[in-house]
Each structure stands twice: as structure tokens, then as C-alpha cells.
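*Asks:* My questions all concern the structure below.
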Amino acid sequence: MVVDTSAMTDSRRVAIISSGQDEFVAIHEACEESGFEPVVYCYGRSLRPGQPNLTDAEQATASILQVLPPRMDFILPGTIDQLASALRSHRIDLLIVFGFAWKLPASVLAIPRLGALNVHVSMLPKYRGPAPMLWAIRNGDANGGVTVHRMDESFDTGPILAQQDGIPLDDDITWAGYCQHAMPVIKQLLTTSLSLAAAGQPGSPQDESMSSYAGFMEEDFNVVDWSMSAREIHNQVRTHRYMRSQHYPVAKIGTEWRRLIRTSLEPADGLAVDCGTGTLWVIESEPTDSPP
């Protein structure tokens, strides 16, 4: 019996794992324009396997369904085993990940014939980890970057296929505003990376001497310390606004605790507060309880 292997050789079936609608749309469009076929979408509904759903999981799921093609499967895996089973059953050739906090073992990364790619919103190896954007805003970076790299068993350490710097991080940054700048770049980098992946290109190793880690914000970051510089506090407020924090950061102003929503380093309508270095203008805030 003669077996025709051409269909298997030319197959470009893709599984997408991401954390929301904007990420999914950018990946899906890049795949379709590059001759790849997305067949299943996995939404990362928890920070770790087996943990409770994220607080916005219901809203994110509904928004994804609005743009999901009719013939594409949608799964909400709760464990690594469930994820692996779904990927195997869809006979995928490539896995693309964007904004997924789970650590994928070698057994999962080995499933796709062409490997697994990750979209990371920094110029790797800078800001490896789950919160690169938060640290870029917290540190007051004027610009951010995007990297598409091959995945290995560690977080954000695999060889780089494509990356680009110079994405502006606006002073009044929001996710929606960032997407306007970043998603066209991400789509372009993915298009390049898909071509390289299809050709079997391994990518370029990262420079370990330049690496830094961007973990989740510590508990103390929820409370403003007026002895810090005005710029540090302003970036703290910007970071929480980008995170859409509902209760933080909180600051004691006089005898009252308030949640700071928007501040300015330039004179503006609002309360001027002298900080450890410089003056900060609080232009939007609301009363709140004292921190626990």
C-alpha cells in the first residue's frame, strides 16, 4: 500500500493560546495571511493549572466568542493534561502562545511538529516573566518592545525568531491605547516568525548576561509611600491604571485614605503633594478604606 504523505508534510494546523480578544485577532490574522490554519483556541482562564478562574474570565470568554470563527474549536483547559489532550486531538503542527501564565512541560511543547512560539511584550532577554509591561511602566520606560521566540521548558528563555523595539508607552497608558501601537507590530513579527518556523529555522540564542526578570507586583506596591520620588509614585499610579486596579494604589492624604486614579508630574488642576523628591499633582482620586 502506498501512503500519500504530502498532506501531512504541507499541514499547517495551528493551536492558539492567549488571554483575550486582541491577542487572538492579531495571531489569527497573521496565521491566515501566512497560509497557516488556526483550528483550536485555548483561553488561559487561570494563572496556574487547577487554580480558580481569573476575575475577568467570564468577560474575556464572551469577547473571544464574538470574533471566533464558526468552525474553530474553543476550549477552556483546567489542567496541563486536559490541554495536552486537546492539542493532540487536533493534530496541530504549530502552537502559538501570547499572554499565558502556565509553564508548559516538554511533553506539551513536543506535540506540534513545527514547535511552539511565544509572543512576549519586551525585548528579551529584558523583562522575562509574567509582568513585562507592568515593570516597563513602573520603571518609566518611554518605549517597549515585542519578541517572538521559540518556547522551551523555562519561562521566556528560548531562541529568538523576531523582535522589535520602539513601541511607545504613553504617559496615560491603557491596554486599548497600547494595542493601537503594538498589535500591528506583533502581527508583522508573527508573519516573519511563521515563515521561519515553517522553514525549520531554530532562532538566535538569548544573551543571558542581559537578562532581567519581571515578576508580579509585590503587596507593598499597592500603597503609596510619599517619601519616594514624584516620578516613582506617578509610575506606580500609571501601572495600577494599566492593570485596571479597582482598589489600588491607596495613599494617605492628610487624615484620609484615597485611591489614586490619575496623577501628573506637571502642574495641573488638583492637589499638589510634596514627595521625597519633587511635587506630584493628584488630579483624580476617590475615598477608600485604609490598607489591610
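Letters A, B, ... mark the chains of the C-alpha cells in the order given; residue numbers begin at 1 per chain; ligand numbers begin at 1, in order shown.
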Let's see if you can do this: from backbone DSSP, list all strand (DSSP E) residues in range 67-110 of chain A, as a PyMOL selection string.
*Replies:* chain A and resi 73-75+94-98
*Asks:* Go ahead and write the selection's residues with N, CA, C and O atoms as a PDB file, in the first residue's frame.
*Replies:*
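This went into result_7.pdb:
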ATOM      1  N   ASP A  73     -12.614  25.421  17.070  1.00  0.00           N
ATOM      2  CA  ASP A  73     -12.944  24.963  18.417  1.00  0.00           C
ATOM      3  C   ASP A  73     -12.418  25.941  19.465  1.00  0.00           C
ATOM      4  O   ASP A  73     -11.402  26.618  19.265  1.00  0.00           O
ATOM      5  N   PHE A  74     -13.104  25.980  20.594  1.00  0.00           N
ATOM      6  CA  PHE A  74     -12.754  26.862  21.701  1.00  0.00           C
ATOM      7  C   PHE A  74     -12.760  26.032  22.976  1.00  0.00           C
ATOM      8  O   PHE A  74     -13.778  25.440  23.327  1.00  0.00           O
ATOM      9  N   ILE A  75     -11.619  25.961  23.659  1.00  0.00           N
ATOM     10  CA  ILE A  75     -11.562  25.161  24.873  1.00  0.00           C
ATOM     11  C   ILE A  75     -11.038  26.003  26.032  1.00  0.00           C
ATOM     12  O   ILE A  75     -10.316  26.985  25.845  1.00  0.00           O
ATOM     13  N   LEU A  94       1.676  23.540  14.835  1.00  0.00           N
ATOM     14  CA  LEU A  94       2.338  24.676  15.479  1.00  0.00           C
ATOM     15  C   LEU A  94       1.457  25.183  16.614  1.00  0.00           C
ATOM     16  O   LEU A  94       0.229  25.215  16.499  1.00  0.00           O
ATOM     17  N   LEU A  95       2.106  25.569  17.696  1.00  0.00           N
ATOM     18  CA  LEU A  95       1.425  26.189  18.833  1.00  0.00           C
ATOM     19  C   LEU A  95       1.923  27.619  18.964  1.00  0.00           C
ATOM     20  O   LEU A  95       3.130  27.867  18.938  1.00  0.00           O
ATOM     21  N   ILE A  96       0.991  28.574  19.095  1.00  0.00           N
ATOM     22  CA  ILE A  96       1.345  29.979  19.295  1.00  0.00           C
ATOM     23  C   ILE A  96       0.722  30.457  20.599  1.00  0.00           C
ATOM     24  O   ILE A  96      -0.485  30.298  20.816  1.00  0.00           O
ATOM     25  N   VAL A  97       1.536  31.043  21.457  1.00  0.00           N
ATOM     26  CA  VAL A  97       1.120  31.465  22.789  1.00  0.00           C
ATOM     27  C   VAL A  97       1.351  32.962  22.945  1.00  0.00           C
ATOM     28  O   VAL A  97       2.384  33.489  22.513  1.00  0.00           O
ATOM     29  N   PHE A  98       0.384  33.636  23.572  1.00  0.00           N
ATOM     30  CA  PHE A  98       0.510  35.079  23.826  1.00  0.00           C
ATOM     31  C   PHE A  98      -0.254  35.401  25.105  1.00  0.00           C
ATOM     32  O   PHE A  98      -1.473  35.398  25.131  1.00  0.00           O
TER      33      PHE A  98
END
*Asks:* What's the 8 Å shell around range 242-250 of chain A, counting only C-alpha atoms, without same-chain residues fewer than 5 positions away, as a VMD selection string?
*Replies:* chain A and resid 134 173 to 175 221 to 224 236 to 237 257 to 261 288 290 to 291
*Asks:* I'd like the interatomic distance between CA of Pro132 in chain A and CA of Gly99 in chain A, to a tenth of an Å.
*Replies:*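 Computing the Euclidean distance for CA of Pro132 in chain A and CA of Gly99 in chain A yields 10.5 Å.
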*Asks:* Within 6 Å of range 210-215 of chain A, counting only C-alpha atoms, which residues qualify if same-chain residues fewer than 3 places away don't, as a list in words?
*Replies:*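 That gives Pro125, Lys126, Tyr127, Arg128, Gly129, Pro130, Ala131, Pro132 and Asp207 of chain A.
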*Asks:* Would you save the residues of that selection, restricted to C-alpha atoms, as a PDB file, in the first residue's frame?
*Replies:*
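The new file result-v3.pdb reads:
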ATOM      1  CA  PRO A 125      16.064  38.802  27.469  1.00  0.00           C
ATOM      2  CA  LYS A 126      14.951  42.006  29.235  1.00  0.00           C
ATOM      3  CA  TYR A 127      11.867  41.580  31.446  1.00  0.00           C
ATOM      4  CA  ARG A 128      11.455  37.831  31.313  1.00  0.00           C
ATOM      5  CA  GLY A 129       8.486  36.645  33.338  1.00  0.00           C
ATOM      6  CA  PRO A 130       4.735  37.216  33.679  1.00  0.00           C
ATOM      7  CA  ALA A 131       4.620  41.014  34.002  1.00  0.00           C
ATOM      8  CA  PRO A 132       6.954  42.683  31.464  1.00  0.00           C
ATOM      9  CA  ASP A 207      22.210  36.725  25.721  1.00  0.00           C
TER      10      ASP A 207
END
*Asks:* Need to verify the contact set: Ala60 in chain A, 9 Å, only C-alpha atoms, exclusion of same-chain residues closer than 6 positions in sequence. Can you return it as a list in words?
*Replies:*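 These residues fall inside the cut-off: Ser19, Gly20, Gln21, Tyr43 and Arg45 of chain A.
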*Asks:* Considering only C-alpha atoms, can you say which of A:Met72, A:Ala57, A:Leu87, A:Met133 comes closest to Phe216 in chain A?
*Replies:*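 Nearest candidate to Phe216 in chain A out of A:Met72, A:Ala57, A:Leu87, A:Met133: A:Met133.
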*Asks:* Range 100-111 of chain A: which residues within 7 Å, counting only C-alpha atoms, same-chain residues fewer than 4 positions away excluded, as number ranges by chain?
*Replies:* A: 17-19, 44, 47-49, 84, 88, 115-116, 130, 153, 155
*Asks:* For each of A:Asp165, A:Asp56, A:Asp171, A:Asp289, take the minimum atom-to-atom distance to Gly145 in chain A, counting only C-alpha atoms, then give the residue where this is smallest.
*Replies:*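 Closest to Gly145 in chain A of all the choices is A:Asp165.
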*Asks:* Write down as a list of chain:residue names the residues of range 104-144 of chain A whose backbone DSSP state falls under helix (DSSP H, G or I).
*Replies:*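 Helix (DSSP H, G or I) assignments inside range 104-144 of chain A correspond to A:Ala106, A:Ser107, A:Val108, A:Leu109, A:Pro132, A:Met133, A:Leu134, A:Trp135, A:Ala136, A:Ile137, A:Arg138.
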*Asks:* Give the answer as one residue: which of A:Glu256, A:Gly35, A:Gln82, A:Val273 has the shortest atom-to-atom distance to Pro287 in chain A, using only C-alpha atoms?
*Replies:* A:Glu256
*Asks:* Using CA of Ala136 in chain A and CA of Glu286 in chain A as the two end points, give the distance in Å to one decimal.
*Replies:* 26.0 Å
*Asks:* To one decimal place, how far is CA of Thr147 in chain A from CA of Leu190 in chain A in Å?
*Replies:*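 Separation of CA of Thr147 in chain A and CA of Leu190 in chain A: 9.2 Å.
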*Asks:* Please provide as a PDB file with N, CA and C atoms, in the first residue's frame all residues within 9 Å of Asp172 in chain A, with the sequence filter that same-chain residues fewer than 5 positions apart are discarded (counting only C-alpha atoms).
*Replies:*
ATOM      1  N   GLY A 177      -5.025  51.606  24.394  1.00  0.00           N
ATOM      2  CA  GLY A 177      -4.094  52.505  23.738  1.00  0.00           C
ATOM      3  C   GLY A 177      -2.816  51.799  23.317  1.00  0.00           C
ATOM      4  N   ARG A 238       0.318  54.938  37.273  1.00  0.00           N
ATOM      5  CA  ARG A 238       0.164  54.520  35.869  1.00  0.00           C
ATOM      6  C   ARG A 238       0.086  53.000  35.753  1.00  0.00           C
ATOM      7  N   ARG A 241      -3.269  51.815  36.914  1.00  0.00           N
ATOM      8  CA  ARG A 241      -4.324  52.168  35.957  1.00  0.00           C
ATOM      9  C   ARG A 241      -4.284  51.223  34.757  1.00  0.00           C
ATOM     10  N   TYR A 242      -3.067  50.876  34.311  1.00  0.00           N
ATOM     11  CA  TYR A 242      -2.930  49.918  33.207  1.00  0.00           C
ATOM     12  C   TYR A 242      -3.489  48.559  33.612  1.00  0.00           C
ATOM     13  N   ARG A 262      -5.390  59.071  38.851  1.00  0.00           N
ATOM     14  CA  ARG A 262      -4.603  59.762  37.827  1.00  0.00           C
ATOM     15  C   ARG A 262      -3.790  60.871  38.495  1.00  0.00           C
TER      16      ARG A 262
END
